[in-house]
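Reproduced below: coords06.txt, with compact mmCIF, C-alpha atoms.
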# COMPACT_ATOMS: atom_id res chain seq x y z
CA MET A 215 8.14 -24.21 22.55
CA THR A 216 5.58 -26.86 23.38
CA GLY A 217 2.02 -26.98 22.18
CA SER A 218 -0.76 -25.71 24.41
CA HIS A 219 -4.50 -25.28 24.11
CA ARG A 220 -5.49 -21.72 23.28
CA PRO A 221 -8.90 -20.19 22.54
CA ILE A 222 -9.75 -19.42 18.92
CA ARG A 223 -8.17 -16.07 18.00
CA THR A 224 -10.82 -13.64 16.76
CA ARG A 225 -8.75 -10.46 16.48
CA PRO A 226 -5.12 -9.31 16.38
CA GLU A 227 -3.86 -8.40 19.84
CA GLY A 228 -2.40 -5.16 21.07
CA CYS A 229 0.88 -4.78 22.92
CA ALA A 230 1.32 -1.81 25.29
CA ALA A 231 5.12 -2.01 25.07
CA PRO A 232 7.34 -2.67 22.05
CA PRO A 233 7.64 -6.42 21.45
CA SER A 234 11.43 -6.10 21.72
CA ARG A 235 10.91 -5.36 25.43
CA VAL A 236 8.23 -8.00 26.02
CA TYR A 237 9.80 -11.08 24.36
CA ASP A 238 13.31 -12.40 25.00
CA THR A 239 13.99 -13.81 21.53
CA ALA A 240 12.74 -13.04 18.03
CA LEU A 241 12.61 -16.21 15.92
CA LEU A 242 12.86 -14.55 12.54
CA ASP A 243 12.10 -16.12 9.21
CA LEU A 244 14.53 -14.93 6.54
CA ASP A 245 13.05 -15.00 3.02
CA GLY A 246 10.40 -12.30 2.82
CA VAL A 247 11.11 -10.99 6.32
CA VAL A 248 14.78 -9.98 6.54
CA TYR A 249 15.72 -10.24 2.87
CA ALA A 250 14.27 -11.06 -0.54
CA GLY A 251 16.32 -12.00 -3.57
CA GLY A 252 19.60 -11.28 -1.78
CA GLU A 253 18.69 -7.74 -0.73
CA ALA A 254 17.52 -6.53 2.67
CA VAL A 255 13.79 -5.95 3.05
CA VAL A 256 12.97 -2.28 3.60
CA HIS A 257 13.40 -1.19 7.24
CA ALA A 258 14.85 -4.59 8.24
CA VAL A 259 18.44 -3.54 9.02
CA GLU A 260 17.65 -0.61 11.30
CA SER A 261 14.71 -2.40 12.94
CA LEU A 262 16.76 -5.44 13.90
CA ALA A 263 19.55 -3.23 15.23
CA ALA A 264 17.03 -1.37 17.40
CA ALA A 265 15.56 -4.64 18.70
CA ARG A 266 18.99 -5.97 19.62
CA GLU A 267 19.86 -2.71 21.38
CA ALA A 268 16.65 -3.08 23.40
CA GLY A 269 17.93 -6.41 24.70
CA MET A 270 16.09 -8.79 22.39
CA ARG A 271 18.04 -11.80 21.14
CA LEU A 272 17.75 -12.46 17.42
CA ALA A 273 17.63 -15.94 15.90
CA TYR A 274 17.17 -16.60 12.21
CA VAL A 275 14.94 -19.61 11.55
CA THR A 276 14.52 -20.61 7.94
CA ASN A 277 12.94 -23.45 6.00
CA ASN A 278 15.45 -22.81 3.22
CA ALA A 279 17.91 -25.71 3.45
CA ALA A 280 20.19 -24.61 0.63
CA ARG A 281 22.82 -22.62 2.51
CA THR A 282 24.93 -23.37 5.57
CA PRO A 283 24.50 -21.32 8.77
CA GLU A 284 27.95 -19.84 8.11
CA THR A 285 26.86 -18.68 4.66
CA VAL A 286 23.58 -17.27 5.96
CA ALA A 287 25.33 -15.44 8.80
CA GLY A 288 27.84 -13.99 6.36
CA HIS A 289 25.08 -12.82 4.06
CA LEU A 290 23.22 -11.18 6.93
CA THR A 291 26.37 -9.45 8.12
CA ARG A 292 27.04 -8.07 4.63
CA LEU A 293 23.48 -6.72 4.54
CA GLY A 294 24.17 -4.83 7.77
CA VAL A 295 22.62 -7.35 10.17
CA PRO A 296 25.55 -8.76 12.19
CA ALA A 297 24.96 -12.47 12.83
CA GLU A 298 26.88 -15.50 14.01
CA PRO A 299 26.39 -19.03 12.60
CA GLY A 300 25.01 -20.16 15.94
CA GLU A 301 22.14 -17.69 15.56
CA VAL A 302 20.93 -19.43 12.39
CA VAL A 303 18.63 -22.45 12.49
CA THR A 304 17.75 -24.21 9.23
CA SER A 305 15.38 -26.96 8.20
CA ALA A 306 18.45 -28.84 6.96
CA GLN A 307 19.65 -29.10 10.56
CA ALA A 308 16.22 -30.23 11.72
CA VAL A 309 15.84 -32.96 9.11
CA ALA A 310 19.43 -34.14 9.60
CA ARG A 311 18.78 -34.60 13.32
CA MET A 312 15.57 -36.50 12.53
CA ILE A 313 17.37 -38.87 10.13
CA ALA A 314 20.34 -39.39 12.47
CA GLU A 315 18.01 -40.44 15.28
CA GLU A 316 16.80 -43.32 13.11
CA LEU A 317 19.88 -44.43 11.17
CA PRO A 318 23.30 -45.64 12.35
CA THR A 319 26.29 -43.32 12.17
CA GLY A 320 27.91 -43.48 8.75
CA SER A 321 24.69 -44.34 6.91
CA ARG A 322 24.55 -43.24 3.30
CA VAL A 323 21.77 -40.80 2.43
CA LEU A 324 20.83 -39.75 -1.10
CA CYS A 325 20.96 -35.97 -0.76
CA VAL A 326 18.89 -34.03 -3.28
CA GLY A 327 19.66 -30.47 -2.30
CA ALA A 328 22.42 -27.92 -1.88
CA GLU A 329 25.50 -27.53 0.32
CA GLY A 330 23.51 -26.56 3.40
CA LEU A 331 21.82 -29.96 3.47
CA ARG A 332 25.03 -31.89 2.80
CA VAL A 333 26.85 -30.08 5.61
CA ALA A 334 23.97 -30.71 8.04
CA LEU A 335 24.01 -34.44 7.23
CA ARG A 336 27.78 -34.68 7.79
CA GLU A 337 27.45 -32.87 11.12
CA ARG A 338 25.16 -35.68 12.24
CA GLY A 339 27.58 -38.39 11.11
CA LEU A 340 25.72 -39.27 7.91
CA GLU A 341 27.28 -39.63 4.45
CA PRO A 342 25.53 -37.77 1.63
CA VAL A 343 25.63 -39.50 -1.77
CA GLU A 344 24.55 -38.37 -5.22
CA SER A 345 22.98 -41.40 -6.90
CA ALA A 346 20.34 -44.01 -6.19
CA ASP A 347 23.03 -46.53 -7.18
CA ASP A 348 25.43 -45.38 -4.41
CA ALA A 349 23.79 -47.74 -1.90
CA PRO A 350 21.84 -45.12 0.08
CA VAL A 351 19.55 -46.27 2.87
CA ALA A 352 17.38 -43.12 2.83
CA VAL A 353 16.48 -40.14 0.61
CA VAL A 354 16.31 -36.50 1.68
CA GLN A 355 15.20 -33.48 -0.34
CA GLY A 356 16.02 -29.85 0.42
CA TYR A 357 15.80 -26.64 -1.58
CA GLY A 358 18.53 -26.70 -4.18
CA GLY A 359 18.12 -23.28 -5.74
CA PRO A 360 16.87 -22.36 -9.22
CA GLU A 361 19.70 -24.33 -10.84
CA MET A 362 18.60 -27.70 -9.40
CA PRO A 363 19.17 -30.25 -12.25
CA TRP A 364 16.19 -32.32 -13.31
CA GLY A 365 18.37 -35.41 -13.01
CA ARG A 366 18.63 -34.93 -9.24
CA LEU A 367 14.85 -35.25 -8.94
CA ALA A 368 15.02 -38.37 -11.11
CA GLU A 369 17.53 -39.92 -8.69
CA ALA A 370 15.20 -39.17 -5.79
CA ALA A 371 12.22 -40.69 -7.59
CA ILE A 372 14.17 -43.83 -8.46
CA ALA A 373 15.39 -44.28 -4.87
CA VAL A 374 11.96 -43.65 -3.36
CA GLY A 375 10.53 -46.05 -5.93
CA ARG A 376 12.87 -48.70 -4.54
CA GLY A 377 11.21 -48.31 -1.17
CA LEU A 378 13.81 -46.22 0.70
CA PRO A 379 12.67 -44.01 3.59
CA TRP A 380 11.96 -40.51 2.27
CA PHE A 381 12.59 -37.25 4.13
CA ALA A 382 12.15 -33.57 3.21
CA SER A 383 13.61 -30.51 4.87
CA ASN A 384 10.36 -28.60 4.33
CA GLY A 385 7.24 -28.53 2.20
CA ASP A 386 7.07 -24.86 1.10
CA LEU A 387 5.60 -24.85 -2.39
CA THR A 388 6.88 -21.34 -3.07
CA ILE A 389 9.73 -19.06 -2.05
CA PRO A 390 9.92 -15.26 -2.44
CA SER A 391 12.61 -13.77 -4.66
CA GLY A 392 13.58 -10.28 -5.71
CA ARG A 393 11.65 -10.80 -8.97
CA GLY A 394 8.53 -12.47 -7.59
CA ILE A 395 7.35 -15.80 -6.19
CA ALA A 396 9.36 -18.86 -7.30
CA PRO A 397 8.94 -22.65 -6.74
CA GLY A 398 10.17 -23.89 -3.37
CA ASN A 399 11.28 -27.27 -2.07
CA GLY A 400 7.69 -28.41 -1.76
CA ALA A 401 7.33 -28.12 -5.53
CA ALA A 402 10.34 -30.42 -5.99
CA VAL A 403 8.85 -32.85 -3.47
CA GLU A 404 5.63 -32.85 -5.51
CA VAL A 405 7.61 -33.90 -8.60
CA VAL A 406 8.91 -36.98 -6.77
CA ARG A 407 5.47 -37.67 -5.32
CA ILE A 408 3.92 -37.61 -8.81
CA ALA A 409 6.67 -39.86 -10.19
CA THR A 410 6.07 -42.46 -7.46
CA ARG A 411 2.28 -42.39 -7.18
CA TRP A 412 2.14 -45.76 -8.96
CA MET A 413 3.34 -47.35 -5.70
CA ARG A 414 0.85 -48.87 -3.25
CA PRO A 415 0.69 -47.40 -0.76
CA ALA A 416 1.88 -44.16 -2.31
CA PRO A 417 4.99 -42.93 -0.45
CA GLU A 418 4.96 -39.74 1.62
CA PRO A 419 8.03 -37.89 2.89
CA ARG A 420 8.60 -37.22 6.57
CA THR A 421 9.05 -33.47 6.75
CA ALA A 422 11.00 -31.48 9.34
CA GLY A 423 10.50 -27.80 8.56
CA LYS A 424 7.99 -25.25 9.78
CA PRO A 425 5.22 -25.65 10.83
CA LEU A 426 6.04 -29.16 12.02
CA PRO A 427 7.41 -30.18 15.47
CA PRO A 428 10.97 -31.18 14.40
CA MET A 429 11.74 -27.58 13.44
CA HIS A 430 10.36 -26.26 16.73
CA ARG A 431 12.44 -28.78 18.62
CA GLU A 432 15.60 -27.82 16.72
CA THR A 433 14.93 -24.13 17.30
CA ILE A 434 14.52 -24.49 21.06
CA LEU A 435 17.54 -26.75 21.39
CA ARG A 436 19.72 -24.24 19.56
CA THR A 437 18.36 -20.92 20.89
CA GLY A 438 17.20 -21.68 24.43
CA ALA A 439 14.39 -19.12 23.98
CA GLU A 440 12.08 -18.81 27.00
CA ARG A 441 9.62 -16.15 25.76
CA PRO A 442 9.95 -16.30 21.98
CA LEU A 443 8.12 -14.29 19.34
CA VAL A 444 7.87 -15.95 15.93
CA VAL A 445 8.21 -13.36 13.15
CA GLY A 446 7.27 -14.42 9.64
CA ASP A 447 5.59 -13.63 6.35
CA ARG A 448 3.85 -16.96 5.71
CA LEU A 449 0.60 -18.07 7.31
CA ASP A 450 1.05 -21.76 6.50
CA THR A 451 4.56 -22.13 7.94
CA ASP A 452 5.60 -19.33 10.30
CA ILE A 453 2.22 -18.53 11.82
CA GLU A 454 0.86 -22.07 11.81
CA GLY A 455 4.07 -23.25 13.44
CA ALA A 456 3.75 -20.63 16.16
CA CYS A 457 0.12 -21.60 16.79
CA ALA A 458 1.06 -25.28 16.97
CA GLY A 459 3.88 -24.46 19.39
CA GLY A 460 1.67 -22.30 21.61
CA VAL A 461 3.75 -19.13 21.19
CA ASP A 462 2.96 -15.61 19.99
CA SER A 463 3.61 -14.50 16.44
CA LEU A 464 4.04 -11.37 14.35
CA LEU A 465 3.04 -11.39 10.69
CA VAL A 466 4.84 -8.86 8.47
CA LEU A 467 3.43 -8.05 5.04
CA THR A 468 6.80 -7.91 3.26
CA GLY A 469 6.64 -11.44 1.81
CA VAL A 470 4.07 -13.78 0.34
CA THR A 471 0.98 -13.07 2.48
CA ASP A 472 -1.36 -10.30 1.37
CA ALA A 473 -4.35 -8.66 3.05
CA ALA A 474 -6.97 -10.89 1.43
CA GLN A 475 -5.18 -14.08 2.53
CA LEU A 476 -4.90 -12.75 6.07
CA LEU A 477 -8.61 -11.92 6.28
CA ALA A 478 -9.48 -15.43 5.08
CA ALA A 479 -7.09 -17.14 7.52
CA PRO A 480 -8.40 -20.18 9.42
CA PRO A 481 -7.70 -20.23 13.19
CA GLU A 482 -4.35 -22.01 12.90
CA HIS A 483 -3.10 -19.26 10.53
CA ARG A 484 -4.09 -16.22 12.60
CA PRO A 485 -1.13 -14.25 14.00
CA THR A 486 -1.01 -12.53 17.37
CA TYR A 487 0.15 -9.26 15.79
CA VAL A 488 -0.05 -7.80 12.28
CA ALA A 489 2.38 -5.22 10.91
CA ALA A 490 3.73 -3.83 7.68
CA ASP A 491 7.38 -4.63 8.40
CA LEU A 492 9.98 -5.21 11.11
CA ARG A 493 9.61 -1.73 12.56
CA ALA A 494 6.83 -3.34 14.59
CA LEU A 495 9.48 -4.93 16.85
CA HIS A 496 10.15 -1.58 18.51
CA ARG A 497 6.65 -0.09 18.33
CA GLU A 498 3.62 -0.63 20.52
CA GLN A 499 0.86 -2.62 18.82
CA PRO A 500 -2.61 -0.98 18.85
CA GLU A 501 -5.61 -2.64 20.45
CA VAL A 502 -8.65 -3.62 18.39
CA GLU A 503 -11.73 -2.64 20.34
CA GLU A 504 -15.19 -4.12 19.98
CA LEU A 505 -17.93 -1.65 19.04
CA ARG A 506 -21.48 -2.18 20.26
CA ASP A 507 -23.88 0.65 19.43
CA GLY A 508 -27.49 -0.37 19.77
CA GLY A 509 -28.14 -3.07 17.19
CA ARG A 510 -24.88 -2.37 15.41
CA SER A 511 -21.65 -4.21 16.17
CA GLY A 512 -18.15 -4.07 14.78
CA PHE A 513 -14.52 -3.36 15.62
CA LEU A 514 -12.50 -0.16 15.94
CA CYS A 515 -8.79 0.44 15.48
CA GLY A 516 -7.05 3.75 14.90
CA GLY A 517 -9.99 5.60 13.39
CA TRP A 518 -11.22 2.69 11.25
CA ALA A 519 -14.44 0.78 11.88
CA ALA A 520 -14.99 -2.68 10.40
CA SER A 521 -18.00 -4.99 10.51
CA ALA A 522 -19.49 -8.06 8.89
CA GLU A 523 -22.96 -6.89 7.96
CA GLY A 524 -25.47 -7.75 5.29
CA GLY A 525 -23.41 -10.68 4.08
CA ALA A 526 -20.28 -8.61 3.42
CA LEU A 527 -17.27 -7.10 5.14
CA ARG A 528 -17.54 -3.34 5.55
CA LEU A 529 -14.85 -0.79 6.35
CA GLU A 530 -15.62 2.81 7.31
CA GLY A 531 -13.77 5.83 8.64
CA ARG A 532 -10.27 6.98 7.92
CA GLY A 533 -7.25 6.54 10.14
CA ASP A 534 -3.63 7.60 9.86
CA ASP A 535 -2.39 4.02 9.42
CA PRO A 536 -4.02 1.68 6.85
CA LEU A 537 -2.76 -1.27 8.93
CA ASP A 538 -5.21 -0.24 11.64
CA GLY A 539 -7.99 -0.71 9.12
CA LEU A 540 -6.67 -4.13 8.27
CA ARG A 541 -6.51 -5.07 11.95
CA ALA A 542 -10.14 -4.02 12.40
CA LEU A 543 -11.14 -5.97 9.30
CA CYS A 544 -9.34 -9.05 10.62
CA ALA A 545 -11.41 -8.88 13.78
CA ALA A 546 -14.65 -8.64 11.79
CA ALA A 547 -13.66 -11.45 9.42
CA TRP A 548 -12.25 -13.83 12.03
CA THR A 549 -15.17 -13.30 14.41
CA HIS A 550 -17.64 -14.01 11.62
CA ALA A 551 -15.72 -17.08 10.47
CA GLY A 552 -15.14 -18.53 13.95
CA GLU A 553 -13.36 -21.84 13.40
CA GLY A 554 -13.73 -21.62 9.63
CA VAL A 555 -12.55 -19.36 6.82
CA CYS A 556 -14.14 -15.99 6.09
CA ASP A 557 -15.70 -16.03 2.62
CA LEU A 558 -17.69 -12.79 2.79
CA PRO A 559 -17.46 -10.35 -0.13
CA GLY A 560 -15.99 -6.93 0.47
CA VAL A 561 -12.34 -7.90 0.85
CA ASP A 562 -11.27 -6.46 -2.49
CA GLY A 563 -13.06 -3.18 -1.87
CA ALA A 564 -11.53 -2.87 1.58
CA ARG A 565 -8.12 -3.67 0.17
CA ALA A 566 -8.52 -0.86 -2.39
CA VAL A 567 -9.42 1.61 0.36
CA LEU A 568 -6.42 0.55 2.43
CA GLY A 569 -3.99 0.45 -0.48
CA LEU A 570 -2.83 -3.03 0.57
Can you give me the file's structure in the form of C-alpha cells?
Amino acid sequence: MTGSHRPIRTRPEGCAAPPSRVYDTALLDLDGVVYAGGEAVVHAVESLAAAREAGMRLAYVTNNAARTPETVAGHLTRLGVPAEPGEVVTSAQAVARMIAEELPTGSRVLCVGAEGLRVALRERGLEPVESADDAPVAVVQGYGGPEMPWGRLAEAAIAVGRGLPWFASNGDLTIPSGRGIAPGNGAAVEVVRIATRWMRPAPEPRTAGKPLPPMHRETILRTGAERPLVVGDRLDTDIEGACAGGVDSLLVLTGVTDAAQLLAAPPEHRPTYVAADLRALHREQPEVEELRDGGRSGFLCGGWAASAEGGALRLEGRGDDPLDGLRALCAAAWTHAGEGVCDLPGVDGARAVLGL
C-alpha cells in the first residue's frame, strides 16, 4: 500500500461489479463500521458473510489500541463475524513495531494504555512499566477505555517532561460508542501536550495509527493485500489514510461522518465510494454522470440532479435511494471546491430532503 500520485477526486466513483468481486481484501475499520458500543452495526454481520463467500478476504484494521487481537477476534466471533487473531491489525501493533525499531530489546517503556498496548510491546521484546520512576526510556499512549485513571496521564506528562521520547498509537480525538461520540486517545494525548507545553521546544508524539504510514506498513505486512479496499467511517483517518496510501476506499455512514462533513471534505478526505452501510460490499456502486444542458451544468445519479449554482448547492428530482442524491451532491460540491473545501450554503436543506 504505497503512496502514488492521483488526480483530485471530484465525484464518487461507480463500480459495475460488487466490490467484493473487484478487490481481494477489505481493510475494515471496526468502531462505527462493524460494531458500535459492543453491538454489531446494522447489516454488518450478513454483509461481511456475503463478502467472504464471494471470495473477499476480511481484515480488521483499528486505531483502537485497547484490546488484543485475540480479544477483538473473540468479540467479532460472538457478534456473528467469525475472525481469527491474525485477521486483526491494531495501532498498538504498529506503534510497538515503531518503538522496537529504535530501542534495544528489553527496553522499559512507560505504557499509558490498556492490555492491547502492553501485549503488543511485549511481543516486540519491550518491557511495559507503569510509572515515570520505573526507569523508562520512552513513553507510549494508547486508548485506555473510559476508565483510564487521571493519574496515568500524570505519569505520562511527568515522563515526557523529563525529555523521554514520546509515542502514541493514534491521534483520534473521538471514538463512537453505543451512546454517542466519546473522547478517544487523541484527547488523552492532548492532555499530555497541554501539561508539557511549557517545554521549549514543545514536545510532540510520534504517532503510528491511521492515516499515517506506520499503520499502512503494519497492515500490508500482516495481511499481504494486493488489491485492498479500505472501508471506514472517518474521513480524517480511514479515508485520508487510503488516499495517502494510493488505494481505493469506501465510506459508510454508520459512524462519525455525516452528510455535511462529506460534502465539505477536502481532496485528501474524499472516498472512492459512498454508501449507507456494509451492504455496499456486495452491491454495484452507481455512476455519477455529468449533466450539461445548454448553459446549465450539474450531476445526475439515480434520479437526483445536483448543482452548484447561484452561490449555493442545489438538489432536485427524486430518486429511490437518498444516497444517490448525496453522491450527486458530492460531485457538485467537490467540483466547485476543487482543491479546497466546499463552503456553499444549501447543505442543510439538501440534507433535510435526503433525510441524512
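With all atoms listed in the file as the atoms that count, the residue of A:Ile395, A:Leu435, A:Met362, A:Ala473 with the shortest distance to Gly246 (chain A) is A:Ile395.
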From (13.2, -20.0, 22.6), in the file's coordinates, out to 12 Å: which residues are reached, counting all atoms listed in the file? Answer as a PyMOL selection string.
chain A and resi 215-216+237-242+270-275+301+303+429-444+456+459-462
Excluding Pro350 (chain A) and its own-chain neighbours fewer than 2 positions away, which residues fall within 10 Å of it when counting all atoms listed in the file? Please give them as a PDB file with C-alpha atoms, keeping the file's coordinate frame.
ATOM      1  CA  SER A 321      24.690 -44.340   6.910  1.00  0.00           C
ATOM      2  CA  ARG A 322      24.550 -43.240   3.300  1.00  0.00           C
ATOM      3  CA  VAL A 323      21.770 -40.800   2.430  1.00  0.00           C
ATOM      4  CA  LEU A 324      20.830 -39.750  -1.100  1.00  0.00           C
ATOM      5  CA  CYS A 325      20.960 -35.970  -0.760  1.00  0.00           C
ATOM      6  CA  GLU A 341      27.280 -39.630   4.450  1.00  0.00           C
ATOM      7  CA  PRO A 342      25.530 -37.770   1.630  1.00  0.00           C
ATOM      8  CA  VAL A 343      25.630 -39.500  -1.770  1.00  0.00           C
ATOM      9  CA  GLU A 344      24.550 -38.370  -5.220  1.00  0.00           C
ATOM     10  CA  SER A 345      22.980 -41.400  -6.900  1.00  0.00           C
ATOM     11  CA  ALA A 346      20.340 -44.010  -6.190  1.00  0.00           C
ATOM     12  CA  ASP A 347      23.030 -46.530  -7.180  1.00  0.00           C
ATOM     13  CA  ASP A 348      25.430 -45.380  -4.410  1.00  0.00           C
ATOM     14  CA  ALA A 352      17.380 -43.120   2.830  1.00  0.00           C
ATOM     15  CA  VAL A 353      16.480 -40.140   0.610  1.00  0.00           C
ATOM     16  CA  ALA A 373      15.390 -44.280  -4.870  1.00  0.00           C
ATOM     17  CA  LEU A 378      13.810 -46.220   0.700  1.00  0.00           C
ATOM     18  CA  PRO A 379      12.670 -44.010   3.590  1.00  0.00           C
TER      19      PRO A 379
END
Any idea what's packed within 9 Å of Val488 (chain A), counting only C-alpha atoms, ignoring anything in its chain fewer than 2 positions away? Could you give it as a PyMOL selection string?
chain A and resi 226-227+463-467+485-486+490-491+494+499+537+540-541
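Among A:Arg225, A:Leu262, A:Ser391, A:Val351, the residue with the shortest atom-to-atom distance to Ala520 (chain A), counting all atoms listed in the file, is A:Arg225.
For the pair CA of Ile453 (chain A) and CA of Ala416 (chain A), the separation is 29.3 Å.
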Residues within 6 Å of (9.0, -41.8, -10.6), counting only C-alpha atoms, listed as a list in words
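Residues lying no farther than 6 Å from the given point: Ala371, Ile372, Ala409 and Thr410 of chain A.
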Go ahead and dump the residues you just picked, C-alpha atoms, as a PDB file, in the frame of the given file.
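Produced file again28.pdb, reproduced below:
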ATOM      1  CA  ALA A 371      12.220 -40.690  -7.590  1.00  0.00           C
ATOM      2  CA  ILE A 372      14.170 -43.830  -8.460  1.00  0.00           C
ATOM      3  CA  ALA A 409       6.670 -39.860 -10.190  1.00  0.00           C
ATOM      4  CA  THR A 410       6.070 -42.460  -7.460  1.00  0.00           C
TER       5      THR A 410
END
When distances are computed from all atoms listed in the file, which of A:Gly251, A:Pro415, A:Pro232, A:Pro318 shows the smallest separation from Gly392 (chain A)?
A:Gly251
Choose the residue, out of A:Ala368, A:Val470, A:Ala306, A:Leu290, that has the smallest atom-to-atom separation from Glu253 (chain A); count only C-alpha atoms.
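Answer, going by the shortest atom-to-atom distance: A:Leu290.
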Record the distance separating CA of Val326 (chain A) and CA of Asn384 (chain A), expressed in Å with one decimal.
12.7 Å
All residues 10 Å or closer to region 335-340 of chain A, only C-alpha atoms, same chain fewer than 5 positions away omitted, as a ChimeraX atom specification:
/A:306-315,317-323,325,329-330,354
Identify which of the residues A:Gly398, A:Gly531, A:Gly512, A:Pro296 lies closest to Cys544 (chain A), counting only C-alpha atoms when measuring atom-to-atom distances.
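Looking at the shortest contact to Cys544 (chain A), the residue is A:Gly512.
Around Ala402 (chain A), within 9 Å and counting only C-alpha atoms, the residues found are A:Gln355, A:Gly356, A:Tyr357, A:Leu367, A:Gly385, A:Leu387, A:Pro397, A:Gly398, A:Asn399, A:Val405, A:Val406, A:Arg407, once anything fewer than 3 positions away on its own chain is removed.
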Distance in Å - CA of His289 (chain A) versus CA of Glu267 (chain A)
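Spanning CA of His289 (chain A) to CA of Glu267 (chain A) is a straight-line distance of 20.7 Å.
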Nearest to Thr224 (chain A), chosen from A:Leu477, A:Leu558, A:Ala526, A:Ala349, with all atoms listed in the file counted in the distances
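Of A:Leu477, A:Leu558, A:Ala526, A:Ala349, the one nearest Thr224 (chain A) is A:Leu477, counting all atoms listed in the file.
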Pick out the residues sitting within 10 Å of Gly516 (chain A), and hand them over as a ChimeraX atom specification; count all atoms listed in the file, and ignore anything fewer than 3 positions along from it in its own chain.
/A:500-503,519,531-539,541-542
Given 6 Å on each side, where is the centre and what are the edge lengths in Å to one decimal of the axis-aligned box enclosing the listed atoms of region 224-243 of chain A, as lines of an AutoDock Vina configuration file?
center_x = 1.6
center_y = -9.0
center_z = 17.6
size_x = 36.8
size_y = 26.4
size_z = 28.8
